[in-house]
$ cat target_1.cif   # mmCIF, C-alpha atoms
data_data
loop_
_atom_site.label_atom_id
_atom_site.label_comp_id
_atom_site.auth_asym_id
_atom_site.auth_seq_id
_atom_site.Cartn_x
_atom_site.Cartn_y
_atom_site.Cartn_z
CA GLY J 268 0.00 0.00 0.00
CA GLU J 269 0.95 3.65 -0.37
CA TYR J 270 1.82 5.70 2.69
CA VAL J 271 2.23 9.43 3.11
CA VAL J 272 5.48 9.93 5.00
CA VAL J 273 5.48 12.70 7.60
CA LYS J 274 8.02 13.75 10.20
CA THR J 275 7.26 14.83 13.74
CA HIS J 276 9.39 15.85 16.70
CA CYS J 277 6.37 15.42 18.98
CA GLY J 278 6.90 17.44 22.18
CA GLY J 279 9.29 18.03 25.04
CA HIS J 280 12.44 18.55 22.99
CA CYS J 281 12.99 22.31 23.29
CA ILE J 282 16.12 23.51 25.09
CA ASP J 283 15.40 25.17 28.43
CA LYS J 284 17.32 28.43 28.48
CA GLY J 285 15.35 29.81 31.38
CA VAL J 286 13.37 32.14 29.13
CA ARG J 287 9.86 32.20 27.71
CA GLY J 288 9.52 29.90 24.71
CA CYS J 289 10.75 26.81 26.55
CA LEU J 290 9.70 26.81 30.18
CA PHE J 291 9.52 23.86 32.57
CA ASN J 292 5.92 22.88 31.77
CA ASP J 293 6.56 23.16 28.03
CA TYR J 294 8.63 19.98 28.13
CA VAL J 295 7.66 18.25 31.37
CA LYS J 296 3.97 17.96 30.51
CA PRO J 297 4.41 16.11 27.19
CA LEU J 298 7.24 13.98 28.62
CA THR J 299 5.16 12.81 31.58
CA ASN J 300 1.60 12.91 30.22
CA TYR J 301 0.87 10.51 27.39
CA HIS J 302 -2.18 12.41 26.10
CA ILE J 303 -0.30 15.70 25.83
CA PHE J 304 2.60 13.94 24.10
CA MET J 305 0.21 12.31 21.61
CA GLN J 306 -1.42 15.66 20.88
CA ALA J 307 2.00 17.19 20.22
CA CYS J 308 2.87 14.35 17.84
CA ALA J 309 -0.37 14.90 15.93
CA THR J 310 0.13 18.66 15.65
CA SER J 311 2.00 20.31 12.81
CA THR J 312 1.83 23.36 10.59
CA LYS J 313 0.87 23.85 6.98
CA TYR J 314 1.24 26.73 4.58
CA ASN J 315 -1.71 28.89 3.66
CA HIS J 316 -0.69 29.85 0.12
CA LYS J 317 -3.64 32.21 -0.23
CA LYS J 318 -2.07 34.47 2.39
CA GLY J 319 1.53 34.48 1.28
CA ARG J 320 2.64 31.11 2.63
CA ASN J 321 1.61 31.94 6.18
CA ARG J 322 1.88 28.90 8.42
CA ILE J 323 -1.21 27.74 10.26
CA ALA J 324 -1.66 25.03 12.90
CA GLN J 325 -2.86 21.64 11.71
CA THR J 326 -3.92 18.65 13.81
CA TYR J 327 -4.06 15.13 12.41
CA ASN J 328 -5.95 12.08 13.64
CA PRO J 329 -3.35 9.75 15.24
CA MET J 330 -5.63 6.78 14.53
CA ARG J 331 -4.80 7.16 10.84
CA VAL J 332 -1.14 6.35 11.44
CA LYS J 333 -0.27 2.83 10.26
CA LYS J 334 3.47 2.65 10.74
CA SER J 335 6.12 4.52 12.69
CA ILE J 336 9.90 4.81 12.46
CA PHE J 337 11.91 5.47 15.61
CA ASN J 338 15.03 7.44 14.74
CA VAL J 339 17.29 6.63 17.69
CA ARG J 340 20.61 8.32 18.38
CA ASP J 341 23.15 7.86 21.16
CA PRO J 342 22.00 10.25 23.93
CA LEU J 343 25.54 11.56 24.42
CA ASP J 344 25.76 12.35 20.73
CA ILE J 345 22.41 14.14 20.95
CA ILE J 346 23.76 16.31 23.76
CA THR J 347 26.94 17.04 21.81
CA ALA J 348 25.00 17.94 18.68
CA ARG J 349 22.64 20.22 20.59
CA PHE J 350 25.58 21.94 22.29
CA LEU J 351 27.42 22.54 19.01
CA ASN J 352 24.22 23.68 17.32
CA GLU J 353 23.71 26.21 20.10
CA MET J 354 27.25 27.51 19.69
CA GLU J 355 26.93 27.78 15.90
CA GLY J 356 23.75 29.82 16.15
CA PRO J 357 23.51 33.52 17.00
CA ARG J 358 24.02 34.36 20.66
CA GLY J 359 21.58 36.75 22.28
CA LYS J 360 22.56 39.74 24.36
CA GLY J 361 24.11 38.59 27.61
CA GLN J 362 24.25 34.93 26.54
CA LYS J 363 27.42 33.12 27.49
CA THR J 364 29.68 31.67 24.82
CA TYR J 365 31.46 28.35 25.40
CA LYS J 366 34.46 26.82 23.66
CA THR J 367 33.55 23.91 21.40
CA ASN J 368 35.57 21.27 23.22
CA ARG J 369 35.15 18.98 26.24
CA LYS J 370 35.67 21.79 28.71
CA GLY J 371 33.15 23.99 26.91
CA LEU J 372 30.49 21.27 26.85
CA ARG J 373 31.11 20.50 30.52
CA GLU J 374 30.61 24.17 31.43
CA TRP J 375 27.49 24.40 29.23
CA CYS J 376 26.02 21.32 30.91
CA LYS J 377 26.90 22.66 34.37
CA ASP J 378 25.00 25.86 33.65
CA TYR J 379 22.15 23.87 32.05
CA ASP J 380 21.83 21.62 35.10
CA GLY J 381 21.99 24.67 37.36
CA GLN J 382 18.91 26.34 35.85
CA VAL J 383 15.61 26.53 37.70
CA GLY J 384 13.95 24.00 35.37
CA SER J 385 16.71 21.43 35.87
CA LYS J 386 16.66 21.90 39.65
CA THR J 387 12.89 21.41 39.59
CA LEU J 388 13.38 18.10 37.77
CA VAL J 389 15.72 16.97 40.56
CA LYS J 390 13.21 17.94 43.25
CA GLN J 391 9.97 16.79 41.61
CA MET J 392 10.77 14.03 39.11
CA TYR J 393 14.01 12.30 40.11
CA PRO J 394 12.84 11.10 43.57
CA LYS J 395 10.32 8.85 41.76
CA THR J 396 13.25 6.64 40.69
CA LYS J 397 15.40 5.13 43.45
CA GLY J 398 18.98 6.38 43.35
CA LEU J 399 18.43 8.88 40.55
CA VAL J 400 18.98 12.01 42.65
CA HIS J 401 22.33 10.70 43.85
CA ALA J 402 23.34 9.60 40.34
CA ALA J 403 22.43 13.00 38.89
CA ALA J 404 25.04 14.69 41.06
CA ASP J 405 27.80 12.92 39.09
CA THR J 406 26.15 13.09 35.66
CA THR J 407 26.99 15.70 33.03
CA CYS J 408 23.82 17.18 31.51
CA HIS J 409 21.56 14.92 33.57
CA ALA J 410 18.54 17.14 32.82
CA GLU J 411 18.98 16.63 29.08
CA LEU J 412 19.51 12.87 29.52
CA PHE J 413 16.29 12.68 31.54
CA ARG J 414 14.34 14.38 28.78
CA ILE J 415 15.85 12.20 26.04
CA ILE J 416 14.95 8.97 27.85
CA GLN J 417 11.45 10.22 28.67
CA PHE J 418 10.91 11.27 25.05
CA TYR J 419 11.62 7.80 23.68
CA SER J 420 9.65 6.17 26.49
CA GLN J 421 6.58 8.19 25.54
CA GLY J 422 7.09 7.29 21.88
CA ILE J 423 7.16 3.57 22.71
CA LEU J 424 4.04 3.91 24.85
CA MET J 425 2.17 5.65 22.04
CA SER J 426 3.21 3.02 19.53
CA LYS J 427 1.95 0.26 21.86
CA ILE J 428 -1.40 1.91 22.55
CA PHE J 429 -2.13 2.52 18.87
CA LYS J 430 -0.48 -0.77 17.84
CA TYR J 431 1.66 0.87 15.16
CA GLU J 432 3.95 -1.34 13.14
CA THR J 433 7.34 0.06 14.14
CA PHE J 434 10.79 0.13 12.57
CA THR J 435 13.80 1.15 14.68
CA LEU J 436 16.45 3.18 12.89
CA HIS J 437 19.69 3.86 14.75
CA PHE J 438 21.45 6.98 13.53
CA GLU J 439 24.87 5.33 13.28
CA ASP J 440 23.49 2.58 11.01
CA TYR J 441 23.79 5.04 8.13
CA ASP J 442 27.55 5.12 8.63
CA LYS J 443 27.91 1.36 9.08
CA ASP J 444 25.91 0.43 5.97
CA TYR J 445 24.14 3.33 4.28
CA GLY J 446 22.81 1.30 1.36
CA GLU J 447 21.25 -1.53 3.39
CA THR J 448 19.83 0.87 5.99
CA LYS J 449 18.18 2.93 3.26
CA ASP J 450 16.81 -0.19 1.58
CA GLU J 451 15.33 -1.48 4.86
CA ILE J 452 13.48 1.81 5.32
CA MET J 453 12.09 1.69 1.80
CA ARG J 454 10.93 -1.91 2.26
CA PHE J 455 9.25 -1.03 5.54
CA LEU J 456 7.41 1.86 3.88
CA GLU J 457 6.59 -0.35 0.88
CA LYS J 458 8.07 2.20 -1.47
CA ARG J 459 10.45 1.98 -4.40
CA GLU J 460 13.32 4.37 -4.83
CA LYS J 461 13.49 6.30 -8.09
CA GLU J 462 16.72 5.81 -9.97
CA SER J 463 17.17 9.57 -10.27
CA ALA J 464 16.94 9.92 -6.47
CA LYS J 465 19.69 7.44 -5.59
CA SER J 466 22.64 9.12 -3.95
CA GLU J 467 24.99 8.85 -1.01
CA THR J 468 24.36 11.01 2.03
CA PHE J 469 27.12 12.21 4.30
CA PHE J 470 26.49 13.20 7.88
CA LYS J 471 28.46 15.60 9.99
CA LYS J 472 29.77 13.55 12.87
CA TYR J 473 30.74 14.74 16.32
CA GLY J 474 32.19 11.45 17.54
CA ASP J 475 30.06 8.37 18.09
CA SER J 476 32.26 5.69 19.60
CA ASP J 477 35.12 7.62 21.18
CA TYR J 478 32.89 10.38 22.59
CA GLU J 479 35.05 13.29 21.57
CA TYR J 480 33.28 15.60 24.00
CA PHE J 481 32.96 13.24 26.99
CA ASN J 482 35.67 11.58 29.07
CA GLY J 483 35.49 8.05 30.46
CA ASP J 484 34.13 9.03 33.86
CA GLN J 485 31.39 11.14 32.30
CA VAL J 486 30.35 8.28 30.01
CA LYS J 487 30.24 5.84 32.93
CA ALA J 488 28.12 8.21 35.03
CA ALA J 489 25.74 8.91 32.13
CA LYS J 490 25.18 5.20 31.51
CA LYS J 491 24.46 4.60 35.20
CA PHE J 492 21.95 7.45 35.20
CA MET J 493 20.20 6.14 32.08
CA LYS J 494 20.06 2.56 33.38
CA LEU J 495 18.42 3.72 36.60
CA LEU J 496 15.90 5.84 34.74
CA ILE J 497 14.99 3.12 32.23
CA GLY J 498 14.64 0.50 34.95
CA LYS J 499 14.71 -3.29 34.98
CA ASP J 500 11.03 -4.25 35.16
CA ARG J 501 9.01 -5.90 32.40
CA GLU J 502 7.40 -2.63 31.34
CA SER J 503 10.81 -1.15 30.49
CA LYS J 504 11.91 -4.11 28.34
CA ASP J 505 11.34 -2.28 25.05
CA MET J 506 13.30 0.75 26.24
CA ARG J 507 16.24 -1.43 27.30
CA LYS J 508 16.20 -3.08 23.89
CA LEU J 509 16.05 0.31 22.14
CA PHE J 510 19.05 1.68 24.06
CA GLN J 511 21.05 -1.45 24.79
CA ARG J 512 23.94 -0.44 22.53
CA TYR J 513 24.33 2.84 24.44
CA LEU J 514 24.14 1.50 28.00
#

$ encode --input "target_1.cif" --output "structure tokens"
Amino acid sequence: GEYVVVKTHCGGHCIDKGVRGCLFNDYVKPLTNYHIFMQACATSTKYNHKKGRNRIAQTYNPMRVKKSIFNVRDPLDIITARFLNEMEGPRGKGQKTYKTNRKGLREWCKDYDGQVGSKTLVKQMYPKTKGLVHAAADTTCHAELFRIIQFYSQGILMSKIFKYETFTLHFEDYDKDYGETKDEIMRFLEKREKESAKSETFFKKYGDSDYEYFNGDQVKAAKKFMKLLIGKDRESKDMRKLFQRYL
């Protein structure tokens, strides 16, 4: 059958800079409330060409979704990419600039974890998981790791409830075998690739196996934090499977 392919970032992924536009409730609510997360996934924008390509809100029926692809990336690589993206973008008045190296990322994460939103996570959310508060003290960018894990957990829950047929795509699979990874996606979507569209894609890498921006102790602490958050019970089995190569 033919499928219309759409992309969604759902909700809870904005970077908390302590300013309006990404406040605590903007990401905590979708990451802890399934219904709000689902609504965010089903919300997008479309262009109104009659008014000069103005974008207007559009909500889709999630029941119409037949298949879903989970694009999974190493959480430490996500943090690195977000840090570098922040440094490449324009800095607002009074915003601190960090060096794009291990020291710079460590300082960025320290400031990130020291914000009101991150401290509220520690006080309100972390105590729900035994040992997480203590583990957070040794974890670089623990607030961002918490949000990444919660994001994927909500995605798995939504896929289970709606019984979507799901394909898991790990970001680094493109580098290991681009051709086969691409072909698997096309088979899953039951689509054929046009000859004119065939090409190689190259991705900017920030270090995937050697963690260019994290030292050994930071990696060890991050993995401990993620393992605690994911848990060991039956309900977390799918999350452990999804992240097993990063734990």

$ residues_near_point --input "target_1.cif" --point "(-7.8, 20.1, 14.3)" --cutoff "10 Å" --atoms "only C-alpha atoms" --output "PyMOL selection string"
chain J and resi 309-311+324-328

$ closest_atom_pairs --input "target_1.cif" --of "region 271-310 of chain J" --to "region 370-377 of chain J" --cutoff "12 Å" --atoms "all atoms listed in the file" --output "CSV"
residue,atom,partner,partner_atom,distance
J:Ile282,CA,J:Cys376,CA,11.7
J:Asp283,CA,J:Cys376,CA,11.6
J:Lys284,CA,J:Trp375,CA,11.0

$ atom_distance --input "target_1.cif" --atom1 "CA of Gly279 (chain J)" --atom2 "CA of Pro394 (chain J)"
20.1 Å

$ resolve_selection --input "target_1.cif" --expression "the PyMOL selection byres ((chain J and resi 307) around 12)" --output "short mmCIF file (atom, residue, chain, number, x, y, z; two decimals) with C-alpha atoms, in the coordinates of the input"
data_model
loop_
_atom_site.label_atom_id
_atom_site.label_comp_id
_atom_site.auth_asym_id
_atom_site.auth_seq_id
_atom_site.Cartn_x
_atom_site.Cartn_y
_atom_site.Cartn_z
CA THR J 275 7.26 14.83 13.74
CA HIS J 276 9.39 15.85 16.70
CA CYS J 277 6.37 15.42 18.98
CA GLY J 278 6.90 17.44 22.18
CA GLY J 279 9.29 18.03 25.04
CA HIS J 280 12.44 18.55 22.99
CA ASP J 293 6.56 23.16 28.03
CA TYR J 294 8.63 19.98 28.13
CA LYS J 296 3.97 17.96 30.51
CA PRO J 297 4.41 16.11 27.19
CA LEU J 298 7.24 13.98 28.62
CA ASN J 300 1.60 12.91 30.22
CA TYR J 301 0.87 10.51 27.39
CA HIS J 302 -2.18 12.41 26.10
CA ILE J 303 -0.30 15.70 25.83
CA PHE J 304 2.60 13.94 24.10
CA MET J 305 0.21 12.31 21.61
CA GLN J 306 -1.42 15.66 20.88
CA CYS J 308 2.87 14.35 17.84
CA ALA J 309 -0.37 14.90 15.93
CA THR J 310 0.13 18.66 15.65
CA SER J 311 2.00 20.31 12.81
CA THR J 312 1.83 23.36 10.59
CA ALA J 324 -1.66 25.03 12.90
CA GLN J 325 -2.86 21.64 11.71
CA THR J 326 -3.92 18.65 13.81
CA TYR J 327 -4.06 15.13 12.41
CA ASN J 328 -5.95 12.08 13.64
CA PRO J 329 -3.35 9.75 15.24
CA PHE J 418 10.91 11.27 25.05
CA GLN J 421 6.58 8.19 25.54
CA GLY J 422 7.09 7.29 21.88
CA MET J 425 2.17 5.65 22.04
#

$ atom_distance --input "target_1.cif" --atom1 "CA of Ala348 (chain J)" --atom2 "CA of Phe492 (chain J)"
19.8 Å

$ closest_residue --input "target_1.cif" --among "J:Phe291, J:Met506, J:Leu495, J:Ala489" --to "Gln391 (chain J)" --atoms "all atoms listed in the file"
J:Phe291

$ decode --input "target_1.cif" --residues "region 387-402 of chain J" --atoms "all heavy atoms" --output "short mmCIF file (atom, residue, chain, number, x, y, z; two decimals), in the first residue's frame"
data_model
loop_
_atom_site.label_atom_id
_atom_site.label_comp_id
_atom_site.auth_asym_id
_atom_site.auth_seq_id
_atom_site.Cartn_x
_atom_site.Cartn_y
_atom_site.Cartn_z
N THR J 387 14.25 21.87 39.31
CA THR J 387 12.89 21.41 39.59
C THR J 387 12.73 19.95 39.21
O THR J 387 12.02 19.19 39.89
CB THR J 387 11.86 22.27 38.82
OG1 THR J 387 12.07 23.65 39.13
CG2 THR J 387 10.44 21.88 39.19
N LEU J 388 13.39 19.53 38.13
CA LEU J 388 13.38 18.10 37.77
C LEU J 388 13.94 17.27 38.91
O LEU J 388 13.39 16.22 39.26
CB LEU J 388 14.22 17.87 36.50
CG LEU J 388 13.62 18.21 35.14
CD1 LEU J 388 14.64 17.96 34.05
CD2 LEU J 388 12.35 17.42 34.88
N VAL J 389 15.06 17.71 39.47
CA VAL J 389 15.72 16.97 40.56
C VAL J 389 14.79 16.85 41.76
O VAL J 389 14.68 15.79 42.39
CB VAL J 389 17.03 17.66 40.98
CG1 VAL J 389 17.65 16.95 42.18
CG2 VAL J 389 18.03 17.66 39.82
N LYS J 390 14.08 17.92 42.06
CA LYS J 390 13.21 17.94 43.25
C LYS J 390 11.89 17.19 43.03
O LYS J 390 11.42 16.49 43.93
CB LYS J 390 12.91 19.38 43.65
CG LYS J 390 14.12 20.14 44.17
CD LYS J 390 13.73 21.58 44.52
CE LYS J 390 14.92 22.37 45.03
NZ LYS J 390 14.56 23.78 45.33
N GLN J 391 11.31 17.32 41.83
CA GLN J 391 9.97 16.79 41.61
C GLN J 391 9.93 15.44 40.90
O GLN J 391 9.08 14.60 41.19
CB GLN J 391 9.13 17.79 40.82
CG GLN J 391 8.84 19.08 41.55
CD GLN J 391 7.90 19.98 40.77
OE1 GLN J 391 7.33 19.59 39.75
NE2 GLN J 391 7.72 21.21 41.23
N MET J 392 10.86 15.23 39.96
CA MET J 392 10.77 14.03 39.11
C MET J 392 11.76 12.94 39.51
O MET J 392 11.42 11.76 39.50
CB MET J 392 11.00 14.42 37.63
CG MET J 392 10.12 15.55 37.13
SD MET J 392 8.35 15.25 37.33
CE MET J 392 8.14 13.78 36.34
N TYR J 393 12.99 13.30 39.84
CA TYR J 393 14.01 12.30 40.11
C TYR J 393 13.71 11.41 41.32
O TYR J 393 14.03 10.21 41.31
CB TYR J 393 15.38 12.96 40.29
CG TYR J 393 15.96 13.56 39.03
CD1 TYR J 393 15.21 13.67 37.86
CD2 TYR J 393 17.26 14.07 39.01
CE1 TYR J 393 15.74 14.23 36.71
CE2 TYR J 393 17.80 14.63 37.85
CZ TYR J 393 17.04 14.72 36.71
OH TYR J 393 17.56 15.29 35.59
N PRO J 394 13.12 11.95 42.40
CA PRO J 394 12.84 11.10 43.57
C PRO J 394 11.92 9.92 43.27
O PRO J 394 11.87 8.96 44.05
CB PRO J 394 12.19 12.07 44.56
CG PRO J 394 12.74 13.40 44.20
CD PRO J 394 12.81 13.37 42.70
N LYS J 395 11.21 9.95 42.14
CA LYS J 395 10.32 8.85 41.76
C LYS J 395 11.10 7.59 41.37
O LYS J 395 10.54 6.50 41.33
CB LYS J 395 9.41 9.27 40.61
CG LYS J 395 8.47 10.43 40.96
CD LYS J 395 7.62 10.83 39.77
CE LYS J 395 6.72 12.01 40.12
NZ LYS J 395 5.86 12.42 38.97
N THR J 396 12.39 7.76 41.06
CA THR J 396 13.25 6.64 40.69
C THR J 396 14.36 6.50 41.73
O THR J 396 15.15 7.43 41.94
CB THR J 396 13.87 6.86 39.29
OG1 THR J 396 12.84 7.03 38.34
CG2 THR J 396 14.75 5.67 38.91
N LYS J 397 14.42 5.36 42.39
CA LYS J 397 15.40 5.13 43.45
C LYS J 397 16.83 5.34 42.95
O LYS J 397 17.24 4.76 41.95
CB LYS J 397 15.24 3.71 44.00
CG LYS J 397 16.14 3.42 45.21
CD LYS J 397 15.89 2.02 45.73
CE LYS J 397 16.80 1.72 46.92
NZ LYS J 397 16.58 0.34 47.45
N GLY J 398 17.57 6.17 43.66
CA GLY J 398 18.98 6.38 43.35
C GLY J 398 19.26 7.43 42.30
O GLY J 398 20.42 7.78 42.06
N LEU J 399 18.22 7.97 41.68
CA LEU J 399 18.43 8.88 40.55
C LEU J 399 18.97 10.24 41.00
O LEU J 399 19.81 10.83 40.32
CB LEU J 399 17.13 9.07 39.77
CG LEU J 399 17.27 9.60 38.34
CD1 LEU J 399 18.07 8.62 37.49
CD2 LEU J 399 15.91 9.85 37.70
N VAL J 400 18.50 10.73 42.13
CA VAL J 400 18.98 12.01 42.65
C VAL J 400 20.47 11.94 42.91
O VAL J 400 21.24 12.85 42.54
CB VAL J 400 18.22 12.42 43.93
CG1 VAL J 400 18.86 13.67 44.55
CG2 VAL J 400 16.75 12.67 43.63
N HIS J 401 20.91 10.87 43.54
CA HIS J 401 22.33 10.70 43.85
C HIS J 401 23.14 10.57 42.56
O HIS J 401 24.22 11.17 42.43
CB HIS J 401 22.53 9.47 44.72
CG HIS J 401 23.95 9.21 45.08
ND1 HIS J 401 24.65 9.97 46.00
CD2 HIS J 401 24.83 8.27 44.62
CE1 HIS J 401 25.89 9.52 46.09
NE2 HIS J 401 26.03 8.48 45.27
N ALA J 402 22.63 9.80 41.60
CA ALA J 402 23.34 9.60 40.34
C ALA J 402 23.45 10.89 39.55
O ALA J 402 24.45 11.13 38.87
CB ALA J 402 22.63 8.53 39.51
#
